[in-house]
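*Asks:* See work_9.txt below, with compact mmCIF, C-alpha atoms.
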```txt
# COMPACT_ATOMS: atom_id res chain seq x y z
CA GLN A 19 -29.78 -3.96 36.88
CA VAL A 20 -26.35 -3.21 38.30
CA GLN A 21 -24.85 0.23 38.75
CA LEU A 22 -21.13 0.86 39.03
CA VAL A 23 -20.04 4.27 40.27
CA GLU A 24 -16.38 5.21 39.94
CA SER A 25 -14.56 7.94 41.81
CA GLY A 26 -11.04 9.11 42.43
CA GLY A 27 -9.86 10.05 38.98
CA GLY A 28 -8.23 13.37 38.21
CA LEU A 29 -4.86 14.96 37.59
CA ALA A 30 -1.57 13.66 38.87
CA GLN A 31 2.02 14.50 38.21
CA ALA A 32 4.24 11.80 36.78
CA GLY A 33 5.57 9.77 39.67
CA GLY A 34 2.56 10.58 41.77
CA SER A 35 -0.37 8.51 42.96
CA LEU A 36 -4.13 8.25 42.62
CA ARG A 37 -6.67 5.86 44.08
CA LEU A 38 -9.76 4.83 42.18
CA SER A 39 -12.86 3.40 43.80
CA CYS A 40 -15.84 1.62 42.29
CA ALA A 41 -18.99 0.90 44.24
CA ALA A 42 -21.52 -1.58 42.92
CA SER A 43 -25.21 -1.46 43.71
CA GLY A 44 -28.49 -2.84 42.43
CA SER A 45 -29.21 -6.46 41.57
CA LEU A 46 -26.02 -7.91 42.96
CA PHE A 47 -25.50 -11.60 43.32
CA LEU A 48 -22.73 -14.16 42.90
CA LEU A 49 -19.62 -12.17 42.03
CA ASN A 50 -17.13 -13.67 39.62
CA VAL A 51 -14.69 -10.86 39.09
CA MET A 52 -14.37 -7.11 39.35
CA GLY A 53 -11.70 -4.97 37.88
CA TRP A 54 -10.50 -2.02 35.89
CA TYR A 55 -9.97 -1.42 32.21
CA ARG A 56 -8.75 1.75 30.52
CA GLN A 57 -8.98 3.40 27.15
CA ALA A 58 -6.61 6.04 25.91
CA PRO A 59 -7.48 8.31 22.98
CA GLY A 60 -7.22 6.45 19.71
CA LYS A 61 -6.60 3.12 21.40
CA GLN A 62 -8.68 0.09 22.27
CA ARG A 63 -9.92 -0.57 25.77
CA GLU A 64 -7.39 -2.69 27.65
CA LEU A 65 -7.31 -4.63 30.87
CA VAL A 66 -5.56 -2.98 33.79
CA ALA A 67 -6.27 -5.30 36.72
CA THR A 68 -8.89 -7.73 37.96
CA ILE A 69 -9.69 -9.44 41.24
CA THR A 70 -11.86 -12.50 41.74
CA MET A 71 -14.29 -13.27 44.52
CA ASN A 72 -11.53 -15.31 46.15
CA GLY A 73 -9.02 -12.50 45.94
CA ARG A 74 -6.99 -13.75 43.01
CA THR A 75 -5.52 -10.81 41.13
CA ASN A 76 -4.33 -10.28 37.59
CA TYR A 77 -2.44 -7.29 36.20
CA ALA A 78 -1.42 -5.97 32.84
CA ASP A 79 2.34 -6.14 32.44
CA SER A 80 2.48 -2.37 32.03
CA VAL A 81 1.19 -1.75 35.56
CA LYS A 82 2.73 -4.62 37.51
CA GLY A 83 4.62 -3.36 40.52
CA ARG A 84 2.96 0.06 40.34
CA PHE A 85 -0.79 -0.59 40.63
CA THR A 86 -2.59 -2.61 43.29
CA ILE A 87 -6.17 -3.82 43.06
CA SER A 88 -8.15 -4.70 46.15
CA GLY A 89 -11.74 -5.42 47.00
CA ASP A 90 -14.16 -5.16 49.87
CA ASN A 91 -16.84 -7.77 49.29
CA ALA A 92 -18.94 -6.50 52.18
CA LYS A 93 -19.09 -3.06 50.55
CA ASN A 94 -19.26 -4.38 46.99
CA THR A 95 -16.39 -2.05 46.23
CA VAL A 96 -13.16 -2.43 44.31
CA TYR A 97 -10.16 -0.14 44.54
CA LEU A 98 -7.18 0.59 42.34
CA GLN A 99 -4.16 2.16 43.99
CA MET A 100 -1.97 3.66 41.29
CA ASN A 101 1.57 4.61 42.25
CA ASN A 102 4.49 5.92 40.23
CA LEU A 103 2.12 7.12 37.54
CA LYS A 104 3.46 7.56 34.03
CA LEU A 105 2.31 9.75 31.18
CA GLU A 106 1.15 6.64 29.34
CA ASP A 107 -1.29 5.87 32.17
CA THR A 108 -3.45 8.74 30.95
CA ALA A 109 -6.80 7.26 29.95
CA VAL A 110 -10.42 6.86 30.90
CA TYR A 111 -10.60 4.12 33.50
CA TYR A 112 -13.67 1.88 33.55
CA CYS A 113 -14.85 -0.29 36.37
CA TYR A 114 -16.01 -3.78 35.41
CA ARG A 115 -18.06 -6.41 37.17
CA GLN A 116 -18.98 -9.90 36.09
CA GLN A 117 -21.48 -11.87 38.12
CA GLY A 118 -23.66 -14.94 37.97
CA SER A 119 -23.55 -16.87 34.71
CA GLY A 120 -21.43 -14.23 33.04
CA SER A 121 -23.37 -11.00 33.03
CA ASN A 122 -21.01 -8.08 32.46
CA TYR A 123 -21.43 -4.53 33.69
CA TRP A 124 -19.42 -1.35 33.15
CA GLY A 125 -19.13 1.95 34.93
CA GLN A 126 -19.35 5.28 33.15
CA GLY A 127 -15.61 5.84 33.33
CA THR A 128 -13.35 8.25 35.17
CA GLN A 129 -10.60 10.30 33.59
CA VAL A 130 -7.02 9.94 34.79
CA THR A 131 -4.56 12.47 33.40
CA VAL A 132 -0.86 12.30 34.19
CA TYR A 133 1.28 15.34 33.42
CA SER A 134 5.01 15.94 33.44
```
Taking this structure as input, can you express it in the form of structure tokens?

*Replies:*
Amino acid sequence: QVQLVESGGGLAQAGGSLRLSCAASGSLFLLNVMGWYRQAPGKQRELVATITMNGRTNYADSVKGRFTISGDNAKNTVYLQMNNLKLEDTAVYYCYRQQGSGSNYWGQGTQVTVYS
């Protein structure tokens, strides 16, 4: 089993910054991709950003230029630096990990609330 533990969520003023972290532990083996998704009230879960084992990144159009995903393979940790936060970034952010032949794992989620 794989455990993903998120941290770093909270309150931020519009225009401010937050940094999310996600540490993976347990039965870890060949990593395919890690990343972040988010779900706002009344909306479906959506991709925010992903990073592959080789460092290739992918971002949702809504966060390009504002969010940066990075990873530390030695620590099995992925980060999401969120700058210039907007009200519409308010959501529960979920860490995601895919490994091996396609096994998917999710964190418990961390709340990010942006206020004006």

*Asks:* I need the residue nearest A:Glu106 from this list: A:Gly28, A:Gly44, A:Gly120, A:Pro59. Use only C-alpha atoms for the distance.

*Replies:* A:Pro59

*Asks:* Near A:Val20, counting all atoms listed in the file, which residues have an atom at most 8 Å away, once you skip same-chain residues fewer than 2 positions from it, shown as a PyMOL selection string?

*Replies:* chain A and resi 22+42-46+123

*Asks:* Considering only C-alpha atoms, state which residue in the set A:Asn76, A:Ser88, A:Met71, A:Tyr111 is at the smallest distance from A:Trp124.

*Replies:*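 Once distances to A:Trp124 are computed over only C-alpha atoms, the minimum belongs to A:Tyr111.
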
*Asks:* Take atom CA of A:Val96 and atom CA of A:Cys40 and report the distance between them in Å, one decimal.

*Replies:*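 Taking atom CA of A:Val96 and atom CA of A:Cys40, their separation equals 5.3 Å.
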
*Asks:* What separation in Å, quoted to one decimal, exists between atom CA of A:Thr75 and atom CA of A:Gln19?

*Replies:* 25.6 Å

*Asks:* Residues near A:Val130, anyone? I mean within 7 Å using only C-alpha atoms, not counting same-chain ones fewer than 5 positions away, as a PyMOL selection string.

*Replies:* chain A and resi 27-29+108-111

*Asks:* What is the distance, in Å and to one decimal place, between atom CA of A:Glu24 and atom CA of A:Thr95?

*Replies:*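 Here the two named atoms are 9.6 Å from each other.
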
*Asks:* Which of these residues is nearest to A:Tyr55, using all atoms listed in the file: A:Gln129, A:Thr68, A:Ser134, A:Ser39?

*Replies:*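 Smallest separation from A:Tyr55 among the options: A:Thr68.
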
*Asks:* Give the answer as one residue: which of A:Tyr112, A:Tyr133, A:Phe47, A:Trp54 has the shortest atom-to-atom distance to A:Thr86, using only C-alpha atoms?

*Replies:*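 That would be A:Trp54, the residue with the smallest distance to A:Thr86.
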
*Asks:* I want to know what sits within 9 Å of A:Asn102, based on only C-alpha atoms, with residues of the same chain fewer than 4 positions away left out; could you give that as a compact mmCIF listing (two decimals) with C-alpha atoms, in the coordinates of the input?

*Replies:*
```txt
# COMPACT_ATOMS: atom_id res chain seq x y z
CA ALA A 32 4.24 11.80 36.78
CA GLY A 33 5.57 9.77 39.67
CA GLY A 34 2.56 10.58 41.77
CA SER A 35 -0.37 8.51 42.96
CA ARG A 84 2.96 0.06 40.34
CA PHE A 85 -0.79 -0.59 40.63
```

*Asks:* Which of these, A:Ala41, A:Val132, A:Val81, A:Leu49, has the shortest distance to A:Lys104 once you count all atoms listed in the file?

*Replies:*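 Using all atoms listed in the file, the shortest distance to A:Lys104 belongs to A:Val132.
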
*Asks:* For each of A:Val51, A:Ala92, A:Leu38, A:Val23, take the minimum atom-to-atom distance to A:Ser119, counting all atoms listed in the file, then give the residue where this is smallest.

*Replies:*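 Of A:Val51, A:Ala92, A:Leu38, A:Val23, the one nearest A:Ser119, counting all atoms listed in the file, is A:Val51.
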